[in-house]
file start_29.cif (mmCIF, C-alpha atoms)
data_final
loop_
_atom_site.label_atom_id
_atom_site.label_comp_id
_atom_site.auth_asym_id
_atom_site.auth_seq_id
_atom_site.Cartn_x
_atom_site.Cartn_y
_atom_site.Cartn_z
CA MET A 1 99.84 134.41 71.40
CA PHE A 2 102.03 131.84 73.15
CA MET A 3 104.76 132.24 70.56
CA SER A 4 104.69 136.03 70.82
CA ILE A 5 105.28 135.74 74.57
CA LEU A 6 108.25 133.48 73.87
CA THR A 7 109.76 135.63 71.15
CA ALA A 8 109.51 138.99 72.94
CA SER A 9 112.29 139.94 75.35
CA TRP A 10 111.64 138.38 78.74
CA PRO A 11 111.36 140.78 81.69
CA TRP A 12 113.65 140.36 84.71
CA TYR A 13 110.89 138.97 86.93
CA VAL A 14 110.47 136.07 84.53
CA ALA A 15 114.12 135.44 83.66
CA GLY A 16 115.53 135.87 87.18
CA PRO A 17 113.37 133.25 88.94
CA LEU A 18 113.91 130.85 86.01
CA ILE A 19 117.68 131.26 86.32
CA GLY A 20 117.34 130.75 90.09
CA LEU A 21 115.45 127.50 89.48
CA THR A 22 118.52 126.13 87.69
CA VAL A 23 119.99 125.64 91.17
CA PRO A 24 117.39 123.13 92.44
CA LEU A 25 117.03 121.62 88.95
CA LEU A 26 120.70 120.56 88.84
CA LEU A 27 120.60 119.40 92.46
CA LEU A 28 117.53 117.27 91.78
CA LEU A 29 118.93 115.87 88.53
CA GLY A 30 122.10 114.57 90.14
CA ASN A 31 123.34 116.60 93.14
CA ARG A 32 125.16 118.92 90.78
CA HIS A 33 126.17 122.38 91.86
CA PHE A 34 125.55 125.20 89.40
CA GLY A 35 128.76 126.90 88.25
CA ILE A 36 129.80 127.40 84.66
CA SER A 37 133.32 128.86 84.77
CA SER A 38 134.83 125.62 86.09
CA ASN A 39 134.26 124.28 82.56
CA LEU A 40 137.23 126.39 81.51
CA ARG A 41 139.30 124.47 84.05
CA HIS A 42 137.92 121.15 82.81
CA ILE A 43 138.84 122.08 79.24
CA CYS A 44 142.40 122.86 80.39
CA ALA A 45 142.56 119.58 82.32
CA ALA A 46 141.24 117.63 79.35
CA CYS A 47 143.00 119.32 76.46
CA LEU A 48 146.07 121.29 77.41
CA PRO A 49 149.47 119.71 77.97
CA GLY A 50 151.91 120.55 80.77
CA LYS A 51 149.89 119.34 83.69
CA SER A 52 150.33 121.52 86.74
CA PRO A 53 148.75 120.08 89.91
CA PHE A 54 145.83 122.46 89.44
CA PHE A 55 144.81 120.59 86.30
CA SER A 56 145.56 117.09 87.53
CA TYR A 57 142.22 115.84 88.68
CA GLU A 58 139.56 113.58 87.32
CA TRP A 59 137.77 116.05 85.10
CA ARG A 60 135.55 113.26 83.81
CA LYS A 61 133.77 113.28 87.16
CA GLU A 62 132.71 116.81 86.31
CA SER A 63 131.88 116.10 82.68
CA TRP A 64 128.18 116.74 83.34
CA ASN A 65 129.14 120.43 83.39
CA LEU A 66 130.65 120.25 79.90
CA PHE A 67 127.37 118.73 78.69
CA PHE A 68 125.57 121.59 80.43
CA ALA A 69 127.81 124.12 78.62
CA GLY A 70 127.14 122.32 75.33
CA GLY A 71 123.44 122.68 76.12
CA ILE A 72 123.88 126.44 76.58
CA VAL A 73 125.33 126.64 73.04
CA ILE A 74 122.30 124.74 71.72
CA GLY A 75 119.99 127.00 73.73
CA GLY A 76 121.68 130.04 72.22
CA LEU A 77 121.07 128.62 68.76
CA ILE A 78 117.40 127.87 69.47
CA ALA A 79 116.74 131.27 71.03
CA SER A 80 118.36 133.16 68.18
CA THR A 81 116.57 131.24 65.43
CA LEU A 82 113.23 129.72 66.46
CA LEU A 83 112.54 132.26 69.19
CA ALA A 84 114.24 135.24 67.53
CA ASP A 85 113.02 138.59 68.75
CA LYS A 86 111.08 140.70 66.31
CA GLY A 87 109.99 143.36 68.74
CA PRO A 88 111.89 146.58 69.34
CA SER A 89 114.10 147.01 72.37
CA SER A 90 116.11 149.98 73.47
CA ILE A 91 119.01 150.98 75.66
CA HIS A 92 119.20 153.85 78.12
CA PRO A 93 119.40 157.16 76.20
CA GLN A 94 122.44 158.22 78.22
CA LEU A 95 124.26 155.02 77.22
CA ALA A 96 123.20 155.48 73.60
CA ALA A 97 124.60 159.03 73.65
CA GLU A 98 127.85 157.91 75.24
CA MET A 99 128.23 155.08 72.71
CA ALA A 100 127.49 157.44 69.83
CA GLY A 101 130.57 159.38 70.94
CA TYR A 102 132.64 156.25 70.28
CA GLY A 103 130.91 155.53 66.99
CA VAL A 104 128.98 152.61 68.48
CA THR A 105 125.26 152.25 67.78
CA TYR A 106 122.70 149.89 69.27
CA ALA A 107 121.39 147.72 66.44
CA HIS A 108 119.26 145.43 68.64
CA ALA A 109 122.08 142.89 68.66
CA PRO A 110 123.59 141.78 71.98
CA LEU A 111 127.11 142.61 70.80
CA PRO A 112 127.97 145.85 69.00
CA ALA A 113 129.23 144.78 65.56
CA GLU A 114 131.58 147.80 65.47
CA LEU A 115 133.56 146.42 68.41
CA PHE A 116 133.17 142.65 68.32
CA ASN A 117 134.22 141.18 64.98
CA TRP A 118 137.11 139.07 63.69
CA PRO A 119 139.13 141.86 61.99
CA ALA A 120 138.86 143.95 65.20
CA LEU A 121 140.93 141.29 66.98
CA PHE A 122 143.93 142.78 65.19
CA THR A 123 143.30 146.28 66.51
CA LEU A 124 144.37 147.48 69.94
CA LYS A 125 140.77 148.22 70.93
CA GLY A 126 139.50 144.80 69.90
CA LEU A 127 142.48 143.11 71.49
CA LEU A 128 141.74 144.81 74.81
CA LEU A 129 138.00 144.13 74.68
CA MET A 130 138.01 140.51 73.56
CA ILE A 131 141.43 138.99 74.25
CA VAL A 132 142.43 140.86 77.40
CA GLY A 133 138.81 140.87 78.56
CA GLY A 134 138.47 137.14 77.93
CA PHE A 135 141.76 136.44 79.65
CA LEU A 136 140.61 138.37 82.74
CA VAL A 137 137.33 136.44 82.77
CA GLY A 138 139.18 133.11 82.74
CA PHE A 139 141.95 134.14 85.13
CA GLY A 140 139.69 136.04 87.53
CA THR A 141 136.90 133.48 87.80
CA ARG A 142 139.31 130.68 88.63
CA TYR A 143 141.29 132.85 91.05
CA ALA A 144 137.99 133.69 92.75
CA GLY A 145 136.91 130.04 92.57
CA GLY A 146 133.70 130.79 90.70
CA CYS A 147 131.80 133.18 88.48
CA THR A 148 128.39 134.79 88.40
CA SER A 149 126.73 131.38 88.44
CA GLY A 150 129.03 129.59 90.89
CA HIS A 151 129.38 132.43 93.39
CA ALA A 152 126.60 134.97 92.83
CA ILE A 153 123.84 132.44 92.25
CA MET A 154 124.84 129.03 93.65
CA GLY A 155 127.09 130.33 96.45
CA LEU A 156 124.62 132.96 97.63
CA SER A 157 121.74 130.47 97.36
CA ASN A 158 123.64 128.30 99.83
CA LEU A 159 124.32 131.40 102.00
CA GLN A 160 128.09 131.21 101.63
CA TRP A 161 129.53 134.53 102.78
CA PRO A 162 132.76 134.15 100.75
CA SER A 163 130.51 134.13 97.69
CA LEU A 164 129.05 137.45 98.82
CA VAL A 165 132.58 138.86 99.05
CA ALA A 166 133.32 137.55 95.56
CA THR A 167 130.06 138.92 94.12
CA CYS A 168 130.73 142.37 95.60
CA CYS A 169 134.22 142.28 94.05
CA PHE A 170 132.79 141.25 90.65
CA MET A 171 130.55 144.30 90.80
CA ALA A 172 133.30 146.60 92.10
CA GLY A 173 135.63 145.48 89.30
CA GLY A 174 132.90 146.01 86.73
CA PHE A 175 132.09 149.50 88.01
CA ILE A 176 135.76 150.51 87.94
CA MET A 177 136.34 149.13 84.46
CA ALA A 178 133.10 150.36 82.86
CA ASN A 179 133.26 153.89 84.25
CA LEU A 180 136.95 154.68 84.68
CA VAL A 181 138.86 152.61 82.11
CA LEU A 182 136.51 151.50 79.32
CA PRO A 183 135.84 155.09 78.07
CA PHE A 184 139.56 155.42 77.25
CA ILE A 185 139.61 152.04 75.48
CA LEU A 186 136.51 152.89 73.43
CA HIS A 187 138.11 156.16 72.38
CA LEU A 188 141.06 154.32 70.83
CA MET B 189 147.67 111.83 94.52
CA SER B 190 147.09 114.52 97.08
CA LEU B 191 145.63 117.81 96.03
CA PRO B 192 146.07 121.14 97.78
CA THR B 193 143.12 122.76 99.47
CA ASN B 194 140.24 123.11 97.09
CA THR B 195 139.78 126.85 96.47
CA ASP B 196 137.23 126.19 93.77
CA PHE B 197 133.59 126.78 94.57
CA GLU B 198 132.55 125.00 91.43
CA LEU B 199 134.49 121.77 91.65
CA GLU B 200 132.64 119.50 94.00
CA SER B 201 134.43 116.26 93.19
CA LEU B 202 137.64 117.62 94.71
CA ASP B 203 135.85 117.77 98.06
CA THR B 204 134.94 114.12 97.84
CA PRO B 205 138.08 112.49 96.45
CA THR B 206 136.66 109.04 97.04
CA GLY B 207 133.98 109.85 94.55
CA THR B 208 131.37 108.11 96.65
CA ASN B 209 128.96 110.92 96.08
CA TYR B 210 129.37 110.81 92.37
CA THR B 211 127.25 108.80 90.10
CA THR B 212 128.91 109.47 86.77
CA LYS B 213 130.85 106.23 86.69
CA LYS B 214 127.90 104.01 87.38
CA ALA B 215 125.34 106.15 85.63
CA PRO B 216 124.54 105.40 82.00
CA TRP B 217 125.95 107.92 79.53
CA TRP B 218 122.56 109.11 78.42
CA ARG B 219 121.98 110.58 81.84
CA GLN B 220 124.31 113.35 80.65
CA LEU B 221 121.61 114.33 78.15
CA GLN B 222 119.53 115.74 80.99
CA TYR B 223 122.29 118.29 81.54
CA VAL B 224 122.30 119.14 77.83
CA ALA B 225 118.56 119.81 78.14
CA ALA B 226 119.01 121.87 81.31
CA GLY B 227 121.80 123.83 79.63
CA ALA B 228 119.65 124.47 76.56
CA ILE B 229 116.84 125.89 78.71
CA PHE B 230 119.37 128.02 80.57
CA GLY B 231 120.86 129.25 77.30
CA ILE B 232 117.42 130.23 75.99
CA ILE B 233 116.74 132.18 79.19
CA LEU B 234 120.09 133.99 78.90
CA ILE B 235 119.37 135.09 75.34
CA LYS B 236 115.71 135.96 75.79
CA SER B 237 116.39 138.06 78.88
CA GLU B 238 119.29 139.85 77.12
CA VAL B 239 121.65 138.86 79.93
CA ILE B 240 124.14 138.13 77.16
CA SER B 241 123.93 141.70 75.87
CA TRP B 242 127.08 143.80 76.16
CA PHE B 243 124.79 146.85 76.34
CA ARG B 244 122.78 145.49 79.29
CA ILE B 245 126.04 144.87 81.16
CA GLN B 246 127.17 148.43 80.45
CA GLU B 247 123.81 149.74 81.71
CA MET B 248 124.21 147.68 84.87
CA PHE B 249 127.68 149.07 85.64
CA ARG B 250 126.47 152.61 84.92
CA LEU B 251 123.35 152.20 87.10
CA GLN B 252 121.24 153.07 84.08
CA SER B 253 118.90 150.10 84.20
CA PHE B 254 117.35 147.90 86.86
CA HIS B 255 117.11 144.93 84.50
CA MET B 256 120.31 143.05 85.43
CA TYR B 257 119.84 143.77 89.14
CA GLY B 258 116.32 142.44 88.87
CA VAL B 259 117.51 139.29 87.08
CA ILE B 260 120.36 138.52 89.49
CA GLY B 261 118.42 139.57 92.59
CA SER B 262 115.35 137.48 91.82
CA ALA B 263 117.56 134.56 90.73
CA VAL B 264 119.37 134.64 94.07
CA ALA B 265 116.09 134.96 96.01
CA THR B 266 114.65 131.98 94.13
CA GLY B 267 117.85 130.03 94.70
CA ILE B 268 117.92 130.75 98.44
CA ILE B 269 114.29 129.67 98.87
CA SER B 270 114.85 126.55 96.75
CA VAL B 271 117.94 125.47 98.68
CA MET B 272 116.14 126.11 101.96
CA ILE B 273 113.25 123.88 100.87
CA LEU B 274 115.62 121.14 99.65
CA LYS B 275 117.50 121.22 102.98
CA LYS B 276 114.35 121.31 105.12
CA THR B 277 112.69 118.44 103.32
CA GLY B 278 115.88 116.42 102.99
CA ALA B 279 115.05 116.01 99.32
CA LYS B 280 116.91 113.46 97.23
CA THR B 281 117.76 113.51 93.54
CA ILE B 282 115.27 112.02 91.10
CA TYR B 283 117.41 108.87 91.23
CA GLY B 284 117.17 108.71 95.03
CA GLU B 285 120.70 109.89 95.76
CA PRO B 286 121.27 112.34 98.61
CA ILE B 287 121.65 116.04 97.88
CA THR B 288 124.64 117.48 99.70
CA PHE B 289 125.88 120.98 100.48
CA ARG B 290 129.34 122.01 101.53
CA SER B 291 130.57 125.14 103.20
CA LYS B 292 133.43 126.88 101.47
CA SER B 293 136.14 128.91 103.08
CA PHE B 294 137.26 132.43 102.43
CA HIS B 295 140.57 133.21 100.72
CA LYS B 296 141.99 136.39 99.24
CA GLY B 297 141.42 135.07 95.73
CA GLN B 298 137.76 135.91 96.10
CA ILE B 299 138.80 139.57 96.35
CA PHE B 300 141.67 139.73 93.81
CA GLY B 301 140.16 137.24 91.41
CA GLY B 302 136.73 138.80 91.87
CA LEU B 303 138.02 142.24 90.89
CA LEU B 304 139.90 140.85 87.88
CA PHE B 305 136.82 138.98 86.70
CA GLY B 306 134.79 142.18 87.17
CA PHE B 307 137.21 143.99 84.84
CA GLY B 308 136.83 141.25 82.25
CA TRP B 309 133.05 141.18 82.65
CA ALA B 310 132.78 144.91 81.86
CA LEU B 311 135.15 144.60 78.88
CA THR B 312 133.62 141.56 77.21
CA GLY B 313 130.09 142.11 78.48
CA ALA B 314 129.97 138.41 79.22
CA CYS B 315 130.58 135.99 82.02
CA PRO B 316 131.29 132.36 81.11
CA GLY B 317 127.66 131.23 80.69
CA PRO B 318 126.74 134.02 78.27
CA LEU B 319 129.97 133.35 76.30
CA PHE B 320 128.68 129.88 75.44
CA ALA B 321 125.25 131.31 74.62
CA GLN B 322 126.75 133.98 72.34
CA ILE B 323 128.63 131.31 70.42
CA GLY B 324 125.40 129.35 69.95
CA ALA B 325 123.61 132.51 68.84
CA GLY B 326 126.10 132.86 66.01
CA PHE B 327 128.56 135.39 67.38
CA SER B 328 131.55 133.41 66.22
CA VAL B 329 134.05 135.98 67.46
CA SER B 330 133.07 135.00 71.01
CA LEU B 331 135.07 131.84 70.29
CA ALA B 332 138.18 134.04 70.45
CA THR B 333 137.03 135.49 73.78
CA LEU B 334 136.36 131.97 75.07
CA ALA B 335 139.77 130.74 73.89
CA SER B 336 141.40 133.64 75.71
CA ALA B 337 139.39 132.84 78.84
CA ILE B 338 140.63 129.24 78.68
CA LEU B 339 144.16 130.58 78.35
CA GLY B 340 143.55 132.85 81.36
CA THR B 341 142.40 129.87 83.39
CA TRP B 342 145.48 127.92 82.32
CA VAL B 343 147.81 130.78 83.29
CA TYR B 344 146.09 131.06 86.68
CA GLY B 345 146.47 127.32 87.25
CA THR B 346 150.14 127.51 86.36
CA LEU B 347 150.87 130.55 88.55
CA LYS B 348 148.53 129.57 91.38
CA ASP B 349 151.19 128.86 94.00
CA LYS B 350 152.86 132.22 93.41
CA LEU B 351 149.66 134.22 93.92
CA PRO B 352 148.31 135.37 97.29
CA HIS B 353 145.40 133.26 98.53
#
call {"tool": "encode", "arguments": {"input": "start_29.cif", "output": "structure tokens"}}
result
Amino acid sequence: MFMSILTASWPWYVAGPLIGLTVPLLLLLGNRHFGISSNLRHICAACLPGKSPFFSYEWRKESWNLFFAGGIVIGGLIASTLLADKGPSSIHPQLAAEMAGYGVTYAHAPLPAELFNWPALFTLKGLLLMIVGGFLVGFGTRYAGGCTSGHAIMGLSNLQWPSLVATCCFMAGGFIMANLVLPFILHL
Amino acid sequence: MSLPTNTDFELESLDTPTGTNYTTKKAPWWRQLQYVAAGAIFGIILIKSEVISWFRIQEMFRLQSFHMYGVIGSAVATGIISVMILKKTGAKTIYGEPITFRSKSFHKGQIFGGLLFGFGWALTGACPGPLFAQIGAGFSVSLATLASAILGTWVYGTLKDKLPH
């Protein structure tokens, strides 16, 4: 019974509050402020040569966050093996119909295998989805000074209005891309 | 060395260059393990709630499902209440250190960068947290997305002074 609760997909009213509790958890563990995208900056500061001032800081003081990111990888492994979902889940019929038009089907996996795979990296579609998309995630989050966790969750939890501006822009950008541009890319 | 204004909402140590507020140096290394544990719990939540699903992100941006709005909305509500309680009670960390909050200032990057990240979020179906979770869940190609995100961060850091802020 307990295991079946864990292995089924968790509804939003369970997952959302748990994600929200990450904020006080990190504060209570060591006055750490939730925000994952800065890890990309720490990796640049730690690993990449050609130090611009932006990457010249003591990244070791923020190393807790790299451990946190490492934990997320472990969590992903645990959830996809020990707690793997055996129950059915579905996507909105309208989305399923739209995706069928691009030859994409929902196979209960978080990423559509037709679009996200290694050989696809060498196609224009895959390049746009993964490489350009990834680049925009890294560039945009640092330009904005935070991501969904740093702005939308931590920033809003601390009632920072610039984080509200950023969150609205995340959503606006997503709406524009998903509805106006992505259909053309998926047709490639 | 002097650093320019900290535009980063996620880099607290730049706001306290003396490092007085930071315990990492004095703290034993194993204290980092608590963040590994916290990250693992967070990663499990991301996977089990399908927040890492490209399809759920597409539903969100097409207003086809309440799921993601419910997750983010209730996370923010829980966060706001938690921070309020921590501030009101003057709570300290479990090691007795003070918990501090800083106000951050607005700059145009939150608009331009926010939009650019939004584009990337809709394309990849992942923000940085879910990227790490996808890698753990065995989607090895997300390593390429992550590498590109690191490159994007590096390019931003290199061009920073030429961009409007």
call {"tool": "closest_residue", "arguments": {"input": "start_29.cif", "among": "B:Arg219, B:His353, B:Thr341, B:Leu347", "to": "chain A", "atoms": "all atoms listed in the file"}}
result
B:Thr341
call {"tool": "resolve_selection", "arguments": {"input": "start_29.cif", "expression": "the PyMOL selection byres ((chain A and resi 4-11) around 9)", "output": "ChimeraX atom specification"}}
result
/A:1-3,12-16,79,82-89 /B:233,235-238,255,258-259
call {"tool": "resolve_selection", "arguments": {"input": "start_29.cif", "expression": "the PyMOL selection byres ((chain B and resi 242-250) around 6)", "output": "list of chain:residue names"}}
result
A:Pro110, A:Leu111, A:Phe175, B:Ser241, B:Leu251, B:Gln252, B:Ser253, B:Gly313
call {"tool": "residues_around", "arguments": {"input": "start_29.cif", "residues": "Ser163 of chain A", "least_positions_apart": "6", "cutoff": "9 Å", "atoms": "only C-alpha atoms", "output": "PyMOL selection string"}}
result
(chain A and resi 144+146+150-156) or (chain B and resi 197+292+294+298)
call {"tool": "closest_residue", "arguments": {"input": "start_29.cif", "among": "B:Leu351, B:Ile269, B:Ala332, B:Ile338", "to": "Trp118 of chain A", "atoms": "all atoms listed in the file"}}
result
B:Ala332
call {"tool": "closest_residue", "arguments": {"input": "start_29.cif", "among": "A:Leu164, A:Ile185, A:Pro17, A:Ala46", "to": "chain B", "atoms": "only C-alpha atoms"}}
result
A:Pro17
call {"tool": "residues_around", "arguments": {"input": "start_29.cif", "residues": "segment 280-291 of chain B", "least_positions_apart": "2", "cutoff": "12 Å", "atoms": "all atoms listed in the file", "output": "JSON, numbers by chain"}}
result
{"A": [23, 24, 25, 26, 27, 28, 29, 30, 31, 32, 33, 34, 154, 155, 156, 157, 158, 159, 160, 161, 162, 163], "B": [194, 195, 196, 197, 198, 199, 200, 201, 202, 203, 204, 208, 209, 210, 211, 215, 219, 222, 271, 272, 273, 274, 275, 276, 277, 278, 293, 294]}
call {"tool": "closest_residue", "arguments": {"input": "start_29.cif", "among": "B:Ala226, B:Leu311, B:Ile299, B:Ala265", "to": "Ile131 of chain A", "atoms": "all atoms listed in the file"}}
result
B:Leu311
call {"tool": "closest_residue", "arguments": {"input": "start_29.cif", "among": "B:Ala314, B:Met256, B:Ala228, B:Ala279", "to": "chain A", "atoms": "all atoms listed in the file"}}
result
B:Ala228
call {"tool": "closest_residue", "arguments": {"input": "start_29.cif", "among": "A:His108, A:His42, A:Lys125, A:His92", "to": "chain B", "atoms": "all atoms listed in the file"}}
result
A:His92
call {"tool": "atom_distance", "arguments": {"input": "start_29.cif", "atom1": "atom CA of Gly231 of chain B", "atom2": "atom CA of Thr22 of chain A"}}
result
11.1 Å
call {"tool": "atom_distance", "arguments": {"input": "start_29.cif", "atom1": "atom CA of Gly227 of chain B", "atom2": "atom CA of Asn65 of chain A"}}
result
8.9 Å
call {"tool": "residues_around", "arguments": {"input": "start_29.cif", "residues": "Gly340 of chain B", "least_positions_apart": "5", "cutoff": "8 Å", "atoms": "only C-alpha atoms", "output": "PyMOL selection string"}}
result
chain A and resi 134-140
call {"tool": "resolve_selection", "arguments": {"input": "start_29.cif", "expression": "the PyMOL selection byres ((chain A and resi 186) around 12)", "output": "count of residues only"}}
result
30
call {"tool": "decode", "arguments": {"input": "start_29.cif", "residues": "segment 74-105 of chain A", "atoms": "N, CA and C atoms", "output": "CSV table (one decimal), in the first residue's frame"}}
result
chain,number,residue,atom,x,y,z
A,74,ILE,N,21.1,11.6,-8.1
A,74,ILE,CA,20.9,10.4,-7.3
A,74,ILE,C,19.4,10.2,-7.2
A,75,GLY,N,18.7,11.3,-6.8
A,75,GLY,CA,17.2,11.2,-6.7
A,75,GLY,C,16.5,10.7,-8.0
A,76,GLY,N,17.0,11.2,-9.1
A,76,GLY,CA,16.5,10.8,-10.4
A,76,GLY,C,16.7,9.3,-10.6
A,77,LEU,N,17.8,8.9,-10.2
A,77,LEU,CA,18.2,7.4,-10.3
A,77,LEU,C,17.2,6.6,-9.4
A,78,ILE,N,17.1,7.0,-8.2
A,78,ILE,CA,16.2,6.3,-7.2
A,78,ILE,C,14.8,6.2,-7.8
A,79,ALA,N,14.3,7.4,-8.2
A,79,ALA,CA,12.9,7.5,-8.6
A,79,ALA,C,12.6,6.7,-9.8
A,80,SER,N,13.6,6.6,-10.7
A,80,SER,CA,13.3,5.9,-12.0
A,80,SER,C,13.6,4.4,-11.8
A,81,THR,N,14.2,3.9,-10.7
A,81,THR,CA,14.4,2.5,-10.6
A,81,THR,C,13.6,1.9,-9.4
A,82,LEU,N,13.9,2.3,-8.2
A,82,LEU,CA,13.2,1.7,-7.0
A,82,LEU,C,11.7,2.2,-7.0
A,83,LEU,N,11.4,3.4,-7.4
A,83,LEU,CA,10.1,3.9,-7.3
A,83,LEU,C,9.4,4.1,-8.7
A,84,ALA,N,9.9,3.3,-9.7
A,84,ALA,CA,9.5,3.4,-11.0
A,84,ALA,C,7.9,3.2,-11.1
A,85,ASP,N,7.3,4.1,-12.0
A,85,ASP,CA,5.9,4.1,-12.1
A,85,ASP,C,5.4,2.9,-13.0
A,86,LYS,N,4.4,2.2,-12.5
A,86,LYS,CA,3.9,1.1,-13.2
A,86,LYS,C,2.5,1.5,-13.7
A,87,GLY,N,1.9,2.5,-13.1
A,87,GLY,CA,0.5,2.9,-13.5
A,87,GLY,C,0.5,3.7,-14.8
A,88,PRO,N,-0.7,3.7,-15.4
A,88,PRO,CA,-0.8,4.5,-16.6
A,88,PRO,C,-0.9,6.0,-16.4
A,89,SER,N,-0.4,6.8,-17.3
A,89,SER,CA,-0.6,8.2,-17.2
A,89,SER,C,-0.9,8.7,-18.6
A,90,SER,N,-1.5,9.8,-18.7
A,90,SER,CA,-1.9,10.3,-20.1
A,90,SER,C,-1.6,11.8,-20.2
A,91,ILE,N,-1.6,12.2,-21.5
A,91,ILE,CA,-1.4,13.6,-21.7
A,91,ILE,C,-2.7,14.1,-22.3
A,92,HIS,N,-2.9,15.4,-22.4
A,92,HIS,CA,-4.1,16.0,-22.9
A,92,HIS,C,-4.3,15.5,-24.3
A,93,PRO,N,-5.6,15.1,-24.7
A,93,PRO,CA,-5.8,14.6,-26.0
A,93,PRO,C,-5.5,15.6,-27.1
A,94,GLN,N,-5.7,16.9,-26.9
A,94,GLN,CA,-5.3,17.8,-27.9
A,94,GLN,C,-3.8,17.9,-28.1
A,95,LEU,N,-3.0,17.7,-27.0
A,95,LEU,CA,-1.6,17.7,-27.2
A,95,LEU,C,-1.2,16.4,-27.9
A,96,ALA,N,-1.8,15.3,-27.6
A,96,ALA,CA,-1.5,14.0,-28.2
A,96,ALA,C,-1.8,14.1,-29.7
A,97,ALA,N,-2.9,14.8,-30.1
A,97,ALA,CA,-3.2,14.9,-31.5
A,97,ALA,C,-2.2,15.8,-32.2
A,98,GLU,N,-1.9,16.9,-31.6
A,98,GLU,CA,-0.9,17.8,-32.2
A,98,GLU,C,0.4,17.0,-32.4
A,99,MET,N,0.9,16.3,-31.3
A,99,MET,CA,2.2,15.6,-31.4
A,99,MET,C,2.1,14.5,-32.5
A,100,ALA,N,1.0,13.9,-32.6
A,100,ALA,CA,0.8,12.8,-33.7
A,100,ALA,C,1.1,13.4,-35.0
A,101,GLY,N,0.7,14.7,-35.2
A,101,GLY,CA,1.0,15.3,-36.5
A,101,GLY,C,2.5,15.5,-36.8
A,102,TYR,N,3.3,15.5,-35.7
A,102,TYR,CA,4.8,15.6,-35.9
A,102,TYR,C,5.4,14.2,-35.8
A,103,GLY,N,4.6,13.2,-35.7
A,103,GLY,CA,5.2,11.8,-35.6
A,103,GLY,C,5.7,11.6,-34.2
A,104,VAL,N,5.2,12.3,-33.2
A,104,VAL,CA,5.7,12.1,-31.8
A,104,VAL,C,4.5,11.5,-31.0
A,105,THR,N,4.8,10.4,-30.3
A,105,THR,CA,3.8,9.7,-29.5
A,105,THR,C,4.2,9.7,-28.0
